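Here's target_25.txt, which has compact mmCIF, N, CA and C atoms and all ligand atoms:
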# COMPACT_ATOMS: atom_id res chain seq x y z
N MET A 18 0.86 -1.18 0.00
CA MET A 18 0.00 0.00 0.00
C MET A 18 0.88 1.22 0.00
N ALA A 19 0.62 2.10 -0.87
CA ALA A 19 1.42 3.31 -0.97
C ALA A 19 1.00 4.33 0.08
N ILE A 20 1.95 4.83 0.80
CA ILE A 20 1.70 5.90 1.74
C ILE A 20 2.41 7.12 1.17
N LEU A 21 1.67 8.16 0.95
CA LEU A 21 2.25 9.33 0.31
C LEU A 21 3.05 10.14 1.31
N ALA A 22 4.29 10.41 0.96
CA ALA A 22 5.15 11.19 1.85
C ALA A 22 4.56 12.56 2.10
N SER A 23 3.85 13.09 1.13
CA SER A 23 3.30 14.42 1.30
C SER A 23 2.17 14.46 2.32
N SER A 24 1.61 13.29 2.67
CA SER A 24 0.53 13.26 3.64
C SER A 24 1.02 13.53 5.05
N TYR A 25 2.26 13.25 5.28
CA TYR A 25 2.78 13.36 6.61
C TYR A 25 4.14 14.04 6.57
N ASN A 26 4.64 14.34 7.73
CA ASN A 26 5.90 15.04 7.82
C ASN A 26 7.08 14.09 7.93
N LEU A 27 6.95 12.94 7.30
CA LEU A 27 8.01 11.94 7.30
C LEU A 27 8.14 11.39 5.90
N ALA A 28 9.25 10.79 5.60
CA ALA A 28 9.46 10.19 4.29
C ALA A 28 9.11 8.72 4.35
N PHE A 29 8.10 8.31 3.60
CA PHE A 29 7.70 6.91 3.53
C PHE A 29 8.13 6.36 2.18
N HIS A 30 8.56 5.14 2.15
CA HIS A 30 8.87 4.51 0.87
C HIS A 30 8.78 3.02 1.01
N HIS A 31 9.05 2.31 -0.07
CA HIS A 31 8.80 0.88 -0.10
C HIS A 31 9.99 0.10 -0.60
N GLU A 32 11.15 0.44 -0.20
CA GLU A 32 12.30 -0.37 -0.57
C GLU A 32 12.28 -1.64 0.27
N VAL A 33 12.81 -2.70 -0.31
CA VAL A 33 12.82 -3.99 0.38
C VAL A 33 14.17 -4.24 1.02
N ASP A 34 14.15 -4.53 2.31
CA ASP A 34 15.34 -4.99 3.00
C ASP A 34 15.19 -6.48 3.22
N ASP A 35 16.24 -7.24 3.08
CA ASP A 35 16.15 -8.67 3.37
C ASP A 35 15.86 -8.91 4.83
N ALA A 36 16.44 -8.13 5.67
CA ALA A 36 16.20 -8.32 7.10
C ALA A 36 16.31 -6.98 7.81
N VAL A 37 15.42 -6.78 8.75
CA VAL A 37 15.49 -5.60 9.59
C VAL A 37 15.85 -6.13 10.97
N THR A 38 17.06 -5.93 11.38
CA THR A 38 17.54 -6.63 12.57
C THR A 38 17.79 -5.69 13.74
N GLN A 39 17.73 -4.39 13.52
CA GLN A 39 18.05 -3.48 14.60
C GLN A 39 16.79 -2.82 15.13
N VAL A 40 16.75 -2.62 16.39
CA VAL A 40 15.68 -1.86 17.02
C VAL A 40 16.35 -0.67 17.71
N PRO A 41 16.60 0.40 16.97
CA PRO A 41 17.35 1.51 17.55
C PRO A 41 16.54 2.23 18.62
N GLU A 42 17.23 2.80 19.55
CA GLU A 42 16.55 3.57 20.59
C GLU A 42 16.24 4.97 20.07
N VAL A 43 15.04 5.41 20.35
CA VAL A 43 14.58 6.73 19.93
C VAL A 43 13.99 7.40 21.15
N ALA A 44 14.31 8.66 21.35
CA ALA A 44 13.80 9.38 22.51
C ALA A 44 12.28 9.38 22.52
N ASP A 45 11.69 9.16 23.71
CA ASP A 45 10.24 9.06 23.83
C ASP A 45 9.52 10.35 23.45
N ASP A 46 10.19 11.51 23.57
CA ASP A 46 9.49 12.76 23.35
C ASP A 46 9.23 13.07 21.88
N VAL A 47 9.65 12.20 20.96
CA VAL A 47 9.35 12.43 19.55
C VAL A 47 7.96 11.90 19.18
N PHE A 48 7.37 11.09 20.02
CA PHE A 48 6.07 10.49 19.71
C PHE A 48 4.94 11.36 20.21
N PRO A 49 3.75 11.26 19.63
CA PRO A 49 3.34 10.34 18.55
C PRO A 49 3.74 10.85 17.17
N LEU A 50 3.91 9.89 16.26
CA LEU A 50 4.22 10.17 14.87
C LEU A 50 3.20 9.47 13.98
N PRO A 51 2.80 10.08 12.88
CA PRO A 51 1.79 9.44 12.01
C PRO A 51 2.35 8.22 11.28
N LEU A 52 1.59 7.11 11.36
CA LEU A 52 1.95 5.89 10.63
C LEU A 52 1.17 5.78 9.33
N CYS A 53 -0.15 5.96 9.44
CA CYS A 53 -1.02 5.84 8.27
C CYS A 53 -2.38 6.41 8.64
N GLY A 54 -3.26 6.45 7.68
CA GLY A 54 -4.62 6.87 7.94
C GLY A 54 -5.46 5.69 8.42
N VAL A 55 -6.48 5.97 9.23
CA VAL A 55 -7.34 4.88 9.71
C VAL A 55 -8.05 4.19 8.54
N ASP A 56 -8.31 4.92 7.48
CA ASP A 56 -8.98 4.34 6.32
C ASP A 56 -8.05 3.50 5.45
N ASP A 57 -6.76 3.55 5.75
CA ASP A 57 -5.80 2.76 4.96
C ASP A 57 -5.82 1.29 5.33
N VAL A 58 -6.36 0.95 6.52
CA VAL A 58 -6.32 -0.43 7.01
C VAL A 58 -7.75 -0.92 7.20
N ALA A 59 -8.17 -1.82 6.35
CA ALA A 59 -9.52 -2.38 6.45
C ALA A 59 -9.59 -3.35 7.64
N GLU A 60 -10.79 -3.55 8.13
CA GLU A 60 -11.01 -4.53 9.21
C GLU A 60 -10.43 -5.89 8.81
N GLY A 61 -9.60 -6.45 9.68
CA GLY A 61 -9.00 -7.76 9.45
C GLY A 61 -7.82 -7.76 8.50
N ALA A 62 -7.45 -6.59 8.00
CA ALA A 62 -6.38 -6.50 7.01
C ALA A 62 -5.06 -6.08 7.65
N ALA A 63 -4.03 -6.05 6.84
CA ALA A 63 -2.71 -5.61 7.28
C ALA A 63 -2.05 -4.85 6.14
N ILE A 64 -1.36 -3.78 6.48
CA ILE A 64 -0.61 -3.03 5.48
C ILE A 64 0.82 -2.88 5.97
N GLY A 65 1.71 -2.60 5.05
CA GLY A 65 3.09 -2.30 5.40
C GLY A 65 3.32 -0.82 5.36
N VAL A 66 4.06 -0.32 6.33
CA VAL A 66 4.44 1.09 6.36
C VAL A 66 5.95 1.14 6.56
N GLU A 67 6.60 1.90 5.70
CA GLU A 67 8.05 2.05 5.78
C GLU A 67 8.34 3.50 6.11
N MET A 68 9.31 3.73 6.95
CA MET A 68 9.68 5.12 7.21
C MET A 68 11.15 5.22 7.57
N GLU A 69 11.68 6.38 7.23
CA GLU A 69 13.01 6.74 7.68
C GLU A 69 12.82 7.64 8.88
N LEU A 70 13.39 7.24 9.98
CA LEU A 70 13.19 7.99 11.21
C LEU A 70 14.54 8.16 11.88
N PHE A 71 14.99 9.39 11.93
CA PHE A 71 16.27 9.72 12.57
C PHE A 71 17.42 8.89 11.98
N GLY A 72 17.39 8.77 10.66
CA GLY A 72 18.49 8.10 9.98
C GLY A 72 18.41 6.60 9.97
N GLU A 73 17.34 6.02 10.52
CA GLU A 73 17.18 4.57 10.54
C GLU A 73 15.95 4.18 9.72
N HIS A 74 16.06 3.07 9.02
CA HIS A 74 14.91 2.56 8.27
C HIS A 74 14.05 1.69 9.17
N HIS A 75 12.75 1.89 9.12
CA HIS A 75 11.81 1.12 9.93
C HIS A 75 10.73 0.55 9.02
N ALA A 76 10.44 -0.72 9.20
CA ALA A 76 9.38 -1.38 8.45
C ALA A 76 8.36 -1.91 9.45
N PHE A 77 7.10 -1.50 9.28
CA PHE A 77 6.04 -1.87 10.20
C PHE A 77 4.91 -2.59 9.47
N ILE A 78 4.18 -3.36 10.24
CA ILE A 78 2.92 -3.95 9.79
C ILE A 78 1.84 -3.31 10.65
N VAL A 79 0.83 -2.74 10.02
CA VAL A 79 -0.29 -2.16 10.76
C VAL A 79 -1.53 -3.00 10.45
N THR A 80 -2.22 -3.44 11.49
CA THR A 80 -3.40 -4.28 11.32
C THR A 80 -4.59 -3.65 12.04
N CYS A 81 -5.76 -4.16 11.69
CA CYS A 81 -6.98 -3.71 12.36
C CYS A 81 -7.83 -4.94 12.66
N ALA A 82 -8.23 -5.07 13.92
CA ALA A 82 -9.08 -6.20 14.33
C ALA A 82 -10.12 -5.68 15.30
N ASP A 83 -11.38 -5.91 15.00
CA ASP A 83 -12.49 -5.42 15.82
C ASP A 83 -12.40 -3.91 16.03
N GLY A 84 -11.97 -3.21 15.01
CA GLY A 84 -11.89 -1.75 15.07
C GLY A 84 -10.69 -1.21 15.84
N ARG A 85 -9.85 -2.08 16.33
CA ARG A 85 -8.66 -1.64 17.06
C ARG A 85 -7.43 -1.85 16.19
N PHE A 86 -6.52 -0.87 16.26
CA PHE A 86 -5.32 -0.93 15.43
C PHE A 86 -4.16 -1.48 16.24
N HIS A 87 -3.34 -2.24 15.52
CA HIS A 87 -2.14 -2.84 16.12
C HIS A 87 -1.00 -2.64 15.13
N ALA A 88 0.21 -2.56 15.66
CA ALA A 88 1.36 -2.44 14.75
C ALA A 88 2.52 -3.26 15.30
N TYR A 89 3.25 -3.81 14.37
CA TYR A 89 4.39 -4.67 14.69
C TYR A 89 5.53 -4.30 13.76
N ARG A 90 6.73 -4.64 14.18
CA ARG A 90 7.84 -4.54 13.25
C ARG A 90 7.69 -5.62 12.19
N ASN A 91 8.00 -5.28 10.96
CA ASN A 91 7.94 -6.25 9.87
C ASN A 91 9.19 -7.11 9.93
N LEU A 92 9.20 -7.97 10.93
CA LEU A 92 10.40 -8.75 11.26
C LEU A 92 9.94 -10.07 11.87
N CYS A 93 10.12 -11.13 11.15
CA CYS A 93 9.64 -12.43 11.62
C CYS A 93 10.56 -12.97 12.72
N PRO A 94 9.98 -13.44 13.84
CA PRO A 94 10.82 -13.97 14.92
C PRO A 94 11.53 -15.27 14.55
N HIS A 95 11.12 -15.90 13.46
CA HIS A 95 11.78 -17.16 13.08
C HIS A 95 13.20 -16.91 12.59
N ALA A 96 13.34 -16.15 11.53
CA ALA A 96 14.66 -15.97 10.93
C ALA A 96 14.98 -14.51 10.65
N GLY A 97 14.22 -13.60 11.24
CA GLY A 97 14.53 -12.19 11.12
C GLY A 97 14.29 -11.60 9.75
N ARG A 98 13.41 -12.24 8.99
CA ARG A 98 13.11 -11.74 7.64
C ARG A 98 11.81 -10.97 7.65
N ARG A 99 11.59 -10.18 6.63
CA ARG A 99 10.31 -9.49 6.45
C ARG A 99 9.22 -10.52 6.19
N LEU A 100 7.99 -10.19 6.56
CA LEU A 100 6.89 -11.13 6.37
C LEU A 100 6.18 -10.98 5.04
N ASP A 101 6.32 -9.81 4.39
CA ASP A 101 5.56 -9.57 3.16
C ASP A 101 6.19 -10.28 1.97
N TRP A 102 5.33 -10.68 1.02
CA TRP A 102 5.82 -11.36 -0.18
C TRP A 102 6.24 -10.37 -1.25
N ALA A 103 5.73 -9.16 -1.15
CA ALA A 103 6.15 -8.02 -1.96
C ALA A 103 5.99 -6.82 -1.03
N PRO A 104 6.65 -5.73 -1.29
CA PRO A 104 6.59 -4.60 -0.34
C PRO A 104 5.15 -4.21 0.02
N GLY A 105 4.82 -4.38 1.31
CA GLY A 105 3.51 -3.99 1.80
C GLY A 105 2.39 -4.97 1.46
N ARG A 106 2.73 -6.12 0.89
CA ARG A 106 1.70 -7.12 0.50
C ARG A 106 1.90 -8.36 1.36
N PHE A 107 0.84 -8.72 2.09
CA PHE A 107 0.94 -9.81 3.05
C PHE A 107 -0.03 -10.94 2.70
N LEU A 108 0.37 -12.15 3.06
CA LEU A 108 -0.53 -13.30 2.99
C LEU A 108 -1.39 -13.24 4.23
N LEU A 109 -2.70 -13.20 4.05
CA LEU A 109 -3.61 -12.94 5.16
C LEU A 109 -4.91 -13.67 4.92
N LYS A 110 -5.36 -14.41 5.93
CA LYS A 110 -6.66 -15.07 5.83
C LYS A 110 -7.23 -15.23 7.23
N ASP A 111 -8.49 -14.86 7.38
CA ASP A 111 -9.18 -15.02 8.65
C ASP A 111 -8.39 -14.45 9.81
N ARG A 112 -7.88 -13.25 9.62
CA ARG A 112 -7.13 -12.54 10.67
C ARG A 112 -5.83 -13.23 11.06
N VAL A 113 -5.33 -14.04 10.19
CA VAL A 113 -4.04 -14.68 10.42
C VAL A 113 -3.09 -14.22 9.31
N LEU A 114 -1.95 -13.70 9.74
CA LEU A 114 -0.92 -13.19 8.84
C LEU A 114 0.13 -14.28 8.70
N VAL A 115 0.45 -14.63 7.46
CA VAL A 115 1.39 -15.72 7.22
C VAL A 115 2.69 -15.16 6.66
N CYS A 116 3.78 -15.50 7.30
CA CYS A 116 5.09 -15.06 6.82
C CYS A 116 5.36 -15.70 5.46
N ALA A 117 5.73 -14.88 4.50
CA ALA A 117 5.94 -15.37 3.14
C ALA A 117 7.22 -16.20 3.00
N VAL A 118 8.07 -16.18 4.01
CA VAL A 118 9.36 -16.87 3.87
C VAL A 118 9.22 -18.36 4.18
N HIS A 119 8.75 -18.71 5.38
CA HIS A 119 8.64 -20.12 5.75
C HIS A 119 7.26 -20.48 6.29
N GLY A 120 6.31 -19.56 6.24
CA GLY A 120 4.93 -19.91 6.54
C GLY A 120 4.48 -19.80 7.98
N ALA A 121 5.23 -19.17 8.86
CA ALA A 121 4.74 -18.97 10.23
C ALA A 121 3.47 -18.14 10.19
N SER A 122 2.52 -18.46 11.09
CA SER A 122 1.21 -17.81 11.09
C SER A 122 1.02 -17.00 12.37
N PHE A 123 0.58 -15.76 12.23
CA PHE A 123 0.46 -14.84 13.36
C PHE A 123 -0.94 -14.26 13.42
N ARG A 124 -1.50 -14.18 14.62
CA ARG A 124 -2.78 -13.51 14.81
C ARG A 124 -2.56 -12.00 14.65
N VAL A 125 -3.44 -11.34 13.87
CA VAL A 125 -3.25 -9.91 13.62
C VAL A 125 -3.49 -9.09 14.88
N GLU A 126 -4.32 -9.58 15.82
CA GLU A 126 -4.64 -8.77 16.99
C GLU A 126 -3.62 -8.89 18.12
N SER A 127 -2.77 -9.91 18.05
CA SER A 127 -1.81 -10.10 19.15
C SER A 127 -0.38 -10.30 18.69
N GLY A 128 -0.19 -10.66 17.44
CA GLY A 128 1.15 -10.96 16.95
C GLY A 128 1.64 -12.33 17.38
N LEU A 129 0.79 -13.13 18.05
CA LEU A 129 1.19 -14.46 18.50
C LEU A 129 1.31 -15.41 17.30
N CYS A 130 2.40 -16.13 17.28
CA CYS A 130 2.58 -17.15 16.24
C CYS A 130 1.82 -18.40 16.67
N ILE A 131 0.86 -18.81 15.85
CA ILE A 131 0.02 -19.95 16.18
C ILE A 131 0.34 -21.18 15.36
N GLY A 132 1.33 -21.07 14.48
CA GLY A 132 1.71 -22.23 13.69
C GLY A 132 2.96 -21.94 12.89
N GLY A 133 3.72 -22.99 12.62
CA GLY A 133 4.95 -22.81 11.85
C GLY A 133 6.18 -22.89 12.72
N PRO A 134 7.32 -22.51 12.16
CA PRO A 134 8.61 -22.78 12.81
C PRO A 134 8.88 -21.97 14.08
N CYS A 135 8.08 -20.94 14.36
CA CYS A 135 8.32 -20.16 15.59
C CYS A 135 7.04 -20.09 16.43
N GLN A 136 6.27 -21.15 16.41
CA GLN A 136 5.02 -21.20 17.16
C GLN A 136 5.26 -20.83 18.62
N GLY A 137 4.40 -19.95 19.14
CA GLY A 137 4.51 -19.48 20.52
C GLY A 137 5.27 -18.17 20.65
N ASP A 138 6.04 -17.80 19.63
CA ASP A 138 6.73 -16.50 19.64
C ASP A 138 5.76 -15.40 19.23
N HIS A 139 6.18 -14.17 19.37
CA HIS A 139 5.36 -13.01 18.99
C HIS A 139 6.12 -12.10 18.03
N LEU A 140 5.36 -11.44 17.18
CA LEU A 140 5.90 -10.30 16.45
C LEU A 140 6.22 -9.21 17.46
N LEU A 141 7.17 -8.35 17.14
CA LEU A 141 7.53 -7.25 18.03
C LEU A 141 6.51 -6.12 17.87
N ARG A 142 5.75 -5.90 18.93
CA ARG A 142 4.70 -4.89 18.90
C ARG A 142 5.32 -3.50 19.09
N VAL A 143 4.78 -2.53 18.37
CA VAL A 143 5.09 -1.12 18.62
C VAL A 143 3.78 -0.44 19.03
N GLY A 144 3.90 0.64 19.76
CA GLY A 144 2.72 1.31 20.28
C GLY A 144 2.02 2.16 19.23
N VAL A 145 0.69 2.09 19.22
CA VAL A 145 -0.10 2.93 18.33
C VAL A 145 -1.32 3.45 19.06
N GLU A 146 -1.83 4.57 18.60
CA GLU A 146 -3.11 5.10 19.05
C GLU A 146 -3.72 5.87 17.89
N VAL A 147 -5.02 6.05 17.94
CA VAL A 147 -5.71 6.79 16.89
C VAL A 147 -5.88 8.23 17.33
N GLU A 148 -5.51 9.14 16.45
CA GLU A 148 -5.75 10.57 16.66
C GLU A 148 -6.48 11.08 15.43
N GLY A 149 -7.74 11.38 15.58
CA GLY A 149 -8.53 11.84 14.44
C GLY A 149 -8.61 10.75 13.39
N ASP A 150 -8.13 11.05 12.19
CA ASP A 150 -8.16 10.05 11.12
C ASP A 150 -6.81 9.40 10.88
N ALA A 151 -5.92 9.49 11.84
CA ALA A 151 -4.58 8.94 11.67
C ALA A 151 -4.26 7.90 12.74
N VAL A 152 -3.54 6.88 12.33
CA VAL A 152 -2.95 5.91 13.29
C VAL A 152 -1.56 6.44 13.60
N MET A 153 -1.35 6.69 14.88
CA MET A 153 -0.10 7.31 15.31
C MET A 153 0.81 6.29 15.99
N LEU A 154 2.07 6.35 15.67
CA LEU A 154 3.09 5.55 16.34
C LEU A 154 3.42 6.23 17.67
N THR A 155 3.28 5.50 18.78
CA THR A 155 3.50 6.11 20.10
C THR A 155 4.75 5.60 20.79
N SER A 156 5.29 4.48 20.32
CA SER A 156 6.54 3.97 20.90
C SER A 156 7.11 2.91 19.99
N LEU A 157 8.41 2.69 20.11
CA LEU A 157 9.08 1.64 19.36
C LEU A 157 9.41 0.49 20.28
S1 LIG A 201 11.36 -16.07 8.44
FE1 LIG A 201 9.20 -16.09 8.81
S2 LIG A 201 8.70 -18.17 8.98
FE2 LIG A 201 10.84 -18.16 8.63

Encoded form using structure tokens:
Amino acid sequence: MAILASSYNLAFHHEVDDAVTQVPEVADDVFPLPLCGVDDVAEGAAIGVEMELFGEHHAFIVTCADGRFHAYRNLCPHAGRRLDWAPGRFLLKDRVLVCAVHGASFRVESGLCIGGPCQGDHLLRVGVEVEGDAVMLTSL
């Protein structure tokens, strides 16, 4: 899903990294930051959001379940690879997100892996809240 850089005060893009392995520390006082619009994520769906933040590349998955938004790093706990099969495109069925690399399955509302090579592990959650028509990143 394309996120227009002009919509927000950050640069979004869709370059593919083989692995996002770092979780850099960012001062808490920079949050909240806009991730996407609430209308960008349909109920039960997931989108990818990429951003450059303080010189670091960040890849996120934003989901919506029962009207609540959740976000995770686009980083599979199995082998540290991105979960999307193409930038921002995820395998998704019945609120289960499937890693395109080796097939681990994650609940969109919790990030819990319910099947596959890392069953019982979780996606790394990042904090989000809704402000008006935007889903805001509140913590890394
Ligand atoms: S990297 Fe996701 S299942 Fe292996």

Show me which residues are within 7 Å of ligand LIG 201 (chain A) counting all atoms listed in the file, and format the list as a PyMOL selection string. chain A and resi 92-100+115-122+133-135

Take the residues from that selection and put them in a file with N, CA and C atoms, as a PDB file, in the coordinates of the input.
ATOM      1  N   LEU A  92       9.200  -7.970  10.930  1.00  0.00           N
ATOM      2  CA  LEU A  92      10.400  -8.750  11.260  1.00  0.00           C
ATOM      3  C   LEU A  92       9.940 -10.070  11.870  1.00  0.00           C
ATOM      4  N   CYS A  93      10.120 -11.130  11.150  1.00  0.00           N
ATOM      5  CA  CYS A  93       9.640 -12.430  11.620  1.00  0.00           C
ATOM      6  C   CYS A  93      10.560 -12.970  12.720  1.00  0.00           C
ATOM      7  N   PRO A  94       9.980 -13.440  13.840  1.00  0.00           N
ATOM      8  CA  PRO A  94      10.820 -13.970  14.920  1.00  0.00           C
ATOM      9  C   PRO A  94      11.530 -15.270  14.550  1.00  0.00           C
ATOM     10  N   HIS A  95      11.120 -15.900  13.460  1.00  0.00           N
ATOM     11  CA  HIS A  95      11.780 -17.160  13.080  1.00  0.00           C
ATOM     12  C   HIS A  95      13.200 -16.910  12.590  1.00  0.00           C
ATOM     13  N   ALA A  96      13.340 -16.150  11.530  1.00  0.00           N
ATOM     14  CA  ALA A  96      14.660 -15.970  10.930  1.00  0.00           C
ATOM     15  C   ALA A  96      14.980 -14.510  10.650  1.00  0.00           C
ATOM     16  N   GLY A  97      14.220 -13.600  11.240  1.00  0.00           N
ATOM     17  CA  GLY A  97      14.530 -12.190  11.120  1.00  0.00           C
ATOM     18  C   GLY A  97      14.290 -11.600   9.750  1.00  0.00           C
ATOM     19  N   ARG A  98      13.410 -12.240   8.990  1.00  0.00           N
ATOM     20  CA  ARG A  98      13.110 -11.740   7.640  1.00  0.00           C
ATOM     21  C   ARG A  98      11.810 -10.970   7.650  1.00  0.00           C
ATOM     22  N   ARG A  99      11.590 -10.180   6.630  1.00  0.00           N
ATOM     23  CA  ARG A  99      10.310  -9.490   6.450  1.00  0.00           C
ATOM     24  C   ARG A  99       9.220 -10.520   6.190  1.00  0.00           C
ATOM     25  N   LEU A 100       7.990 -10.190   6.560  1.00  0.00           N
ATOM     26  CA  LEU A 100       6.890 -11.130   6.370  1.00  0.00           C
ATOM     27  C   LEU A 100       6.180 -10.980   5.040  1.00  0.00           C
ATOM     28  N   VAL A 115       0.450 -14.630   7.460  1.00  0.00           N
ATOM     29  CA  VAL A 115       1.390 -15.720   7.220  1.00  0.00           C
ATOM     30  C   VAL A 115       2.690 -15.160   6.660  1.00  0.00           C
ATOM     31  N   CYS A 116       3.780 -15.500   7.300  1.00  0.00           N
ATOM     32  CA  CYS A 116       5.090 -15.060   6.820  1.00  0.00           C
ATOM     33  C   CYS A 116       5.360 -15.700   5.460  1.00  0.00           C
ATOM     34  N   ALA A 117       5.730 -14.880   4.500  1.00  0.00           N
ATOM     35  CA  ALA A 117       5.940 -15.370   3.140  1.00  0.00           C
ATOM     36  C   ALA A 117       7.220 -16.200   3.000  1.00  0.00           C
ATOM     37  N   VAL A 118       8.070 -16.180   4.010  1.00  0.00           N
ATOM     38  CA  VAL A 118       9.360 -16.870   3.870  1.00  0.00           C
ATOM     39  C   VAL A 118       9.220 -18.360   4.180  1.00  0.00           C
ATOM     40  N   HIS A 119       8.750 -18.710   5.380  1.00  0.00           N
ATOM     41  CA  HIS A 119       8.640 -20.120   5.750  1.00  0.00           C
ATOM     42  C   HIS A 119       7.260 -20.480   6.290  1.00  0.00           C
ATOM     43  N   GLY A 120       6.310 -19.560   6.240  1.00  0.00           N
ATOM     44  CA  GLY A 120       4.930 -19.910   6.540  1.00  0.00           C
ATOM     45  C   GLY A 120       4.480 -19.800   7.980  1.00  0.00           C
ATOM     46  N   ALA A 121       5.230 -19.170   8.860  1.00  0.00           N
ATOM     47  CA  ALA A 121       4.740 -18.970  10.230  1.00  0.00           C
ATOM     48  C   ALA A 121       3.470 -18.140  10.190  1.00  0.00           C
ATOM     49  N   SER A 122       2.520 -18.460  11.090  1.00  0.00           N
ATOM     50  CA  SER A 122       1.210 -17.810  11.090  1.00  0.00           C
ATOM     51  C   SER A 122       1.020 -17.000  12.370  1.00  0.00           C
ATOM     52  N   GLY A 133       3.720 -22.990  12.620  1.00  0.00           N
ATOM     53  CA  GLY A 133       4.950 -22.810  11.850  1.00  0.00           C
ATOM     54  C   GLY A 133       6.180 -22.890  12.720  1.00  0.00           C
ATOM     55  N   PRO A 134       7.320 -22.510  12.160  1.00  0.00           N
ATOM     56  CA  PRO A 134       8.610 -22.780  12.810  1.00  0.00           C
ATOM     57  C   PRO A 134       8.880 -21.970  14.080  1.00  0.00           C
ATOM     58  N   CYS A 135       8.080 -20.940  14.360  1.00  0.00           N
ATOM     59  CA  CYS A 135       8.320 -20.160  15.590  1.00  0.00           C
ATOM     60  C   CYS A 135       7.040 -20.090  16.430  1.00  0.00           C
TER      61      CYS A 135
END

Could you state the separation of CA of Gly128 in chain A and CA of His87 in chain A in Å, given to one decimal place?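 Going from CA of Gly128 in chain A over to CA of His87 in chain A, I get 8.8 Å.
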
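Note that atom N of Arg142 in chain A and atom C of Ala88 in chain A are 5.5 Å apart.
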
When you look at Glu60 in chain A with a cut-off of 7 Å (counting only C-alpha atoms), what residues show up, excluding the ones that are within fewer than 4 positions of it in the same chain? I need them as a ChimeraX atom specification. /A:81-84

List as number ranges by chain: which residues have an atom within 7 Å of (-1.4, 13.0, 12.0), counting all atoms listed in the file? A: 25, 50-52, 148, 150-153

Could you check how far CA of Asp57 in chain A sits from atom N of Ile131 in chain A, in Å to one decimal?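 Interatomic distance here is 25.1 Å.
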
List as a list in words the protein and nucleic acid residues near Gly144 in chain A, meaning an atom at most 5 Å away when only N, CA and C atoms are counted, but skip any in the same chain fewer than 5 places from it.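 Everything that qualifies: Leu154, Thr155, Ser156 and Leu157 of chain A.
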
Could you pull out the strand (DSSP E or B) residues of chain A, going by DSSP on the backbone, and write them as an MDAnalysis selection string? chainID A and resid 28 36 50:54 63:70 73:82 85:90 98 103 106 108:110 113:115 122:124 129:132 139 142:148 151:156

Please determine the residues with any atom at most 8 Å from (0.3, -15.2, 14.9) (coordinates as given in the file, with all atoms listed in the file counting) and report them as a short mmCIF file (atom, residue, chain, number, x, y, z; two decimals) with N, CA and C atoms, keeping the file's coordinate frame.
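See selection33.cif below for the written result:
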data_model
loop_
_atom_site.label_atom_id
_atom_site.label_comp_id
_atom_site.auth_asym_id
_atom_site.auth_seq_id
_atom_site.Cartn_x
_atom_site.Cartn_y
_atom_site.Cartn_z
N ARG A 112 -7.88 -13.25 9.62
CA ARG A 112 -7.13 -12.54 10.67
C ARG A 112 -5.83 -13.23 11.06
N VAL A 113 -5.33 -14.04 10.19
CA VAL A 113 -4.04 -14.68 10.42
C VAL A 113 -3.09 -14.22 9.31
N LEU A 114 -1.95 -13.70 9.74
CA LEU A 114 -0.92 -13.19 8.84
C LEU A 114 0.13 -14.28 8.70
N VAL A 115 0.45 -14.63 7.46
CA VAL A 115 1.39 -15.72 7.22
C VAL A 115 2.69 -15.16 6.66
N ALA A 121 5.23 -19.17 8.86
CA ALA A 121 4.74 -18.97 10.23
C ALA A 121 3.47 -18.14 10.19
N SER A 122 2.52 -18.46 11.09
CA SER A 122 1.21 -17.81 11.09
C SER A 122 1.02 -17.00 12.37
N PHE A 123 0.58 -15.76 12.23
CA PHE A 123 0.46 -14.84 13.36
C PHE A 123 -0.94 -14.26 13.42
N ARG A 124 -1.50 -14.18 14.62
CA ARG A 124 -2.78 -13.51 14.81
C ARG A 124 -2.56 -12.00 14.65
N VAL A 125 -3.44 -11.34 13.87
CA VAL A 125 -3.25 -9.91 13.62
C VAL A 125 -3.49 -9.09 14.88
N GLU A 126 -4.32 -9.58 15.82
CA GLU A 126 -4.64 -8.77 16.99
C GLU A 126 -3.62 -8.89 18.12
N SER A 127 -2.77 -9.91 18.05
CA SER A 127 -1.81 -10.10 19.15
C SER A 127 -0.38 -10.30 18.69
N GLY A 128 -0.19 -10.66 17.44
CA GLY A 128 1.15 -10.96 16.95
C GLY A 128 1.64 -12.33 17.38
N LEU A 129 0.79 -13.13 18.05
CA LEU A 129 1.19 -14.46 18.50
C LEU A 129 1.31 -15.41 17.30
N CYS A 130 2.40 -16.13 17.28
CA CYS A 130 2.58 -17.15 16.24
C CYS A 130 1.82 -18.40 16.67
N ILE A 131 0.86 -18.81 15.85
CA ILE A 131 0.02 -19.95 16.18
C ILE A 131 0.34 -21.18 15.36
N GLY A 132 1.33 -21.07 14.48
CA GLY A 132 1.71 -22.23 13.69
C GLY A 132 2.96 -21.94 12.89
N GLN A 136 6.27 -21.15 16.41
CA GLN A 136 5.02 -21.20 17.16
C GLN A 136 5.26 -20.83 18.62
N GLY A 137 4.40 -19.95 19.14
CA GLY A 137 4.51 -19.48 20.52
C GLY A 137 5.27 -18.17 20.65
N ASP A 138 6.04 -17.80 19.63
CA ASP A 138 6.73 -16.50 19.64
C ASP A 138 5.76 -15.40 19.23
N HIS A 139 6.18 -14.17 19.37
CA HIS A 139 5.36 -13.01 18.99
C HIS A 139 6.12 -12.10 18.03
N LEU A 140 5.36 -11.44 17.18
CA LEU A 140 5.90 -10.30 16.45
C LEU A 140 6.22 -9.21 17.46
#

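Of the residues under consideration (A:Gly149, A:Gly72, A:Gly54, A:Gly61), A:Gly61 shows the shortest atom-to-atom contact distance to Asp111 in chain A when counting only C-alpha atoms.
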
5 Å per side around range 133-150 of chain A: axis-aligned box centre and edge lengths, as lines of an AutoDock Vina configuration file:
center_x = 0.1
center_y = -5.6
center_z = 15.8
size_x = 27.5
size_y = 44.8
size_z = 19.8
